[in-house]
Amino acid sequence: MKNTPFVKKHIELGAKMAEFAGYNMPISYTGINDEHQAVRSNAGVFDVSHMGEFILKGEQALPLIQRVTTNDASKLKPGQAQYSCLTNARGGIVDDLLVYCIEENKVYMLVVNASNIEKDWDWISSYNSSGAEMHNISDKTCLLAIQGPNATRILQPLTDMDILNLKYYTFTKGKFAGVDNVLVSATGYTGSGGVEIYFEEKDGAADKIWDKIFEVGKPQGLKPIGLGARDTLRLEMGYCLYGNDIDDDTSPLEAGLGWITKFNKDFVAKSIVQELKETGIEKKLVGFEMIDKGIPRHGYEIKDFSSTPIGVVTSGTQSPSLGKAIGLGYVSTAFSKIDTQIYIKIREKLLLAKVAKVPFV
């Protein structure tokens, strides 16, 4: 297992550690519900240094990004970021990712899922026939997500950058907690506001930034948060998790990601995805909430009232904010309307649920 530069901090804080995407990661500290509520009501710090980062440079950088991603990166100005995805030759999803415009038409950063770093690198490289300069900086890049309604207010004293007024999906670069060349981005995976900060681990930068964040934040209730609460937070927002809700066999259209699929440019398998749009999708990712008591889990069958299989659960949990069980899953399109009654097969029983509006909170 690989370690992030913060692993000693997690262990000292008593975190429950487990393997995730090949990394030794904190799952929880004080408990998932407690950590979840801390982020929804105040602020919390996630170590997400296991994520992957690629730098693409040169005149061919943007054309390569346009070729392999579904969203239109040509619209990005310096300081702007964009959610997108990579499609495979069948129109399935290789990965979902963020595209950062560092220098327009010249320098971009792609942020990919930890479990897909090598896969994504190889896929993008296979389309790099025009010589875009590519650098995999994943191993030397730290990433902390400070999320919650009070996150930027807590962090502002640590920098001269105006992070209090940073607009959603924009970023700035500068000195943070005494460390140079830190990128602060108004992005995240929780739906509760906050920022993500990227920096290179050198000269003790990781310890310095972590310690300064908690020095100013601990008196204000800032807490370290594990991957357990990260999952419940993202699920309440209906955000897709790669490997659960989206994968190589799901189309962006089936996953509800039509909004990041732009047909005004060419991308891998565009014709396949476009044909699917024109003919209509047969399955659709929906949110649902349980009516009967029971917690849905990845892989559970979804059935109709006559016990005919109509889909499968991709993610499920007990929502700490709502006090009820919720989930995401693919169902036949005929069953995708809000309030449609469906049944989840849990321990050989069919338990009633209904299709719900996403986000759940």
# chains A, B, ... in the order shown; residues from 1 in each chain; ligands from 1

$ select_by_dssp --residues "region 193-245 of chain A" --states "alpha helix (DSSP H)" --output "ChimeraX atom specification"
/A:205-217,227-237

$ select_by_dssp --residues "region 42-139 of chain A" --states "strand (DSSP E)" --output "ChimeraX atom specification"
/A:44-47,52-57,81-87,93-103,107-112,133-136

$ closest_atom_pairs --of "region 49-168 of chain A" --to "region 187-194 of chain A" --cutoff "10 Å" --atoms "only C-alpha atoms" --output "Markdown table"
| residue | atom | partner | partner_atom | distance |
| --- | --- | --- | --- | --- |
| A:Ala81 | CA | A:Thr187 | CA | 8.4 |
| A:Gln82 | CA | A:Thr187 | CA | 9.5 |
| A:Tyr83 | CA | A:Thr187 | CA | 9.7 |
| A:Leu98 | CA | A:Thr187 | CA | 9.3 |
| A:Ala145 | CA | A:Gly188 | CA | 6.8 |
| A:Ile146 | CA | A:Gly194 | CA | 5.8 |
| A:Gln147 | CA | A:Gly194 | CA | 4.2 |
| A:Gly148 | CA | A:Ser192 | CA | 4.7 |
| A:Pro149 | CA | A:Gly193 | CA | 5.5 |
| A:Asn150 | CA | A:Gly194 | CA | 7.5 |
| A:Ala151 | CA | A:Gly194 | CA | 5.1 |
| A:Thr152 | CA | A:Gly194 | CA | 5.8 |
| A:Arg153 | CA | A:Gly194 | CA | 9.2 |
| A:Leu155 | CA | A:Gly194 | CA | 9.6 |
| A:Ile163 | CA | A:Gly194 | CA | 9.2 |
| A:Leu164 | CA | A:Gly194 | CA | 9.1 |
| A:Leu166 | CA | A:Gly194 | CA | 9.5 |
| A:Lys167 | CA | A:Thr187 | CA | 9.2 |
| A:Tyr168 | CA | A:Thr187 | CA | 6.4 |

$ write_last_selection --atoms "N, CA and C atoms" --output "short mmCIF file (atom, residue, chain, number, x, y, z; two decimals), in the first residue's frame"
data_model
loop_
_atom_site.label_atom_id
_atom_site.label_comp_id
_atom_site.auth_asym_id
_atom_site.auth_seq_id
_atom_site.Cartn_x
_atom_site.Cartn_y
_atom_site.Cartn_z
N ALA A 81 -12.09 26.01 -13.77
CA ALA A 81 -12.04 24.54 -13.79
C ALA A 81 -13.36 24.02 -14.35
N GLN A 82 -13.34 22.75 -14.74
CA GLN A 82 -14.50 22.16 -15.41
C GLN A 82 -14.61 20.67 -15.06
N TYR A 83 -15.82 20.23 -14.81
CA TYR A 83 -16.07 18.79 -14.62
C TYR A 83 -16.26 18.16 -15.99
N LEU A 98 -11.57 16.42 -13.37
CA LEU A 98 -11.61 17.88 -13.41
C LEU A 98 -10.54 18.37 -14.37
N ALA A 145 -8.87 18.65 0.95
CA ALA A 145 -10.18 19.27 0.70
C ALA A 145 -10.71 19.79 2.04
N ILE A 146 -10.86 21.09 2.14
CA ILE A 146 -11.43 21.69 3.35
C ILE A 146 -12.85 22.12 2.98
N GLN A 147 -13.82 21.37 3.48
CA GLN A 147 -15.19 21.50 3.00
C GLN A 147 -16.14 21.91 4.13
N GLY A 148 -17.18 22.64 3.77
CA GLY A 148 -18.18 23.06 4.74
C GLY A 148 -18.45 24.54 4.62
N PRO A 149 -19.59 25.01 5.17
CA PRO A 149 -19.99 26.41 5.02
C PRO A 149 -19.02 27.42 5.64
N ASN A 150 -18.23 26.98 6.64
CA ASN A 150 -17.29 27.91 7.28
C ASN A 150 -15.84 27.70 6.84
N ALA A 151 -15.63 26.83 5.85
CA ALA A 151 -14.26 26.46 5.45
C ALA A 151 -13.41 27.66 5.02
N THR A 152 -13.93 28.47 4.11
CA THR A 152 -13.10 29.57 3.59
C THR A 152 -12.87 30.65 4.64
N ARG A 153 -13.87 30.87 5.49
CA ARG A 153 -13.69 31.87 6.57
C ARG A 153 -12.58 31.44 7.52
N LEU A 155 -10.01 29.48 6.77
CA LEU A 155 -8.72 29.44 6.09
C LEU A 155 -8.19 30.80 5.65
N ILE A 163 -9.79 33.96 -0.92
CA ILE A 163 -10.51 32.70 -1.09
C ILE A 163 -11.95 32.78 -0.58
N LEU A 164 -12.24 33.81 0.21
CA LEU A 164 -13.61 34.00 0.69
C LEU A 164 -14.58 34.23 -0.46
N LEU A 166 -14.00 33.37 -3.72
CA LEU A 166 -13.69 32.51 -4.87
C LEU A 166 -14.98 31.88 -5.40
N LYS A 167 -15.26 32.11 -6.68
CA LYS A 167 -16.50 31.57 -7.26
C LYS A 167 -16.36 30.08 -7.52
N TYR A 168 -17.49 29.39 -7.51
CA TYR A 168 -17.56 27.95 -7.72
C TYR A 168 -16.87 27.58 -9.04
#

$ residues_around --residues "Ser332 (chain A)" --least-positions-apart "6" --cutoff "8 Å" --atoms "only C-alpha atoms" --output "PyMOL selection string"
chain A and resi 282-284+310-311

$ write_last_selection --atoms "N, CA, C and O atoms" --output "short mmCIF file (atom, residue, chain, number, x, y, z; two decimals), in the first residue's frame"
data_model
loop_
_atom_site.label_atom_id
_atom_site.label_comp_id
_atom_site.auth_asym_id
_atom_site.auth_seq_id
_atom_site.Cartn_x
_atom_site.Cartn_y
_atom_site.Cartn_z
N GLU A 282 -32.00 3.26 -22.65
CA GLU A 282 -32.88 2.22 -22.10
C GLU A 282 -32.79 2.13 -20.58
O GLU A 282 -33.69 1.59 -19.94
N LYS A 283 -31.68 2.64 -20.01
CA LYS A 283 -31.56 2.66 -18.55
C LYS A 283 -31.07 4.03 -18.12
O LYS A 283 -30.46 4.76 -18.91
N LYS A 284 -31.35 4.36 -16.87
CA LYS A 284 -31.04 5.70 -16.39
C LYS A 284 -30.66 5.64 -14.92
O LYS A 284 -31.27 4.90 -14.14
N ILE A 310 -35.56 -4.82 -12.80
CA ILE A 310 -35.57 -3.62 -13.65
C ILE A 310 -34.29 -2.80 -13.50
O ILE A 310 -34.11 -1.79 -14.17
N GLY A 311 -33.38 -3.26 -12.63
CA GLY A 311 -32.15 -2.49 -12.46
C GLY A 311 -31.30 -2.97 -11.31
O GLY A 311 -31.53 -4.06 -10.75
#

$ residues_around --residues "region 348-356 of chain A" --least-positions-apart "6" --cutoff "6 Å" --atoms "only C-alpha atoms" --output "list in words"
Gly287, Phe288, Glu289, Met290, Ile291, Asp292, Ile338, Asp339, Thr340, Gln341 and Ile342 of chain A

$ residues_around --residues "region 175-184 of chain A" --least-positions-apart "4" --cutoff "6 Å" --atoms "only C-alpha atoms" --output "number ranges by chain"
A: 158-159, 171, 196-199, 209

$ residues_around --residues "Asp266 (chain A)" --least-positions-apart "4" --cutoff "12 Å" --atoms "only C-alpha atoms" --output "PDB file with C-alpha atoms, in the first residue's frame"
ATOM      1  CA  PRO A  63      -6.610  19.710 -28.827  1.00  0.00           C
ATOM      2  CA  LEU A  64      -5.702  16.515 -26.926  1.00  0.00           C
ATOM      3  CA  ILE A  65      -8.029  17.400 -24.034  1.00  0.00           C
ATOM      4  CA  GLN A  66     -10.814  18.199 -26.505  1.00  0.00           C
ATOM      5  CA  ARG A  67     -10.302  14.834 -28.197  1.00  0.00           C
ATOM      6  CA  VAL A  68     -10.440  12.669 -25.068  1.00  0.00           C
ATOM      7  CA  THR A  69     -12.967  14.532 -22.884  1.00  0.00           C
ATOM      8  CA  THR A  70     -16.682  15.130 -23.447  1.00  0.00           C
ATOM      9  CA  ASN A  71     -16.965  18.681 -22.116  1.00  0.00           C
ATOM     10  CA  ASP A  72     -15.790  21.745 -24.063  1.00  0.00           C
ATOM     11  CA  ALA A  73     -12.466  22.771 -22.519  1.00  0.00           C
ATOM     12  CA  THR A  87     -15.081   8.162 -23.022  1.00  0.00           C
ATOM     13  CA  THR A 261     -21.333  16.018 -23.061  1.00  0.00           C
ATOM     14  CA  LYS A 262     -20.906  18.610 -25.810  1.00  0.00           C
ATOM     15  CA  LYS A 270     -18.956  10.900 -30.184  1.00  0.00           C
ATOM     16  CA  SER A 271     -21.007   9.197 -32.920  1.00  0.00           C
ATOM     17  CA  ILE A 272     -21.983   6.345 -30.575  1.00  0.00           C
ATOM     18  CA  VAL A 273     -23.027   8.730 -27.773  1.00  0.00           C
ATOM     19  CA  GLN A 274     -24.873  10.960 -30.247  1.00  0.00           C
TER      20      GLN A 274
END

$ closest_residue --among "A:Pro26, A:Asp34, A:Asn42, A:Gly52" --to "Lys218 (chain A)" --atoms "only C-alpha atoms"
A:Asn42

$ residues_around --residues "region 16-18 of chain A" --least-positions-apart "2" --cutoff "9 Å" --atoms "only C-alpha atoms" --output "NGL selection string"
:A and (10-11 or 14 or 20 or 23-29 or 226)

$ closest_residue --among "A:Ile213, A:Ala132, A:Leu144, A:Ala206" --to "Pro157 (chain A)" --atoms "only C-alpha atoms"
A:Ile213

$ atom_distance --atom1 "CA of Gly91 (chain A)" --atom2 "CA of Leu285 (chain A)"
16.1 Å
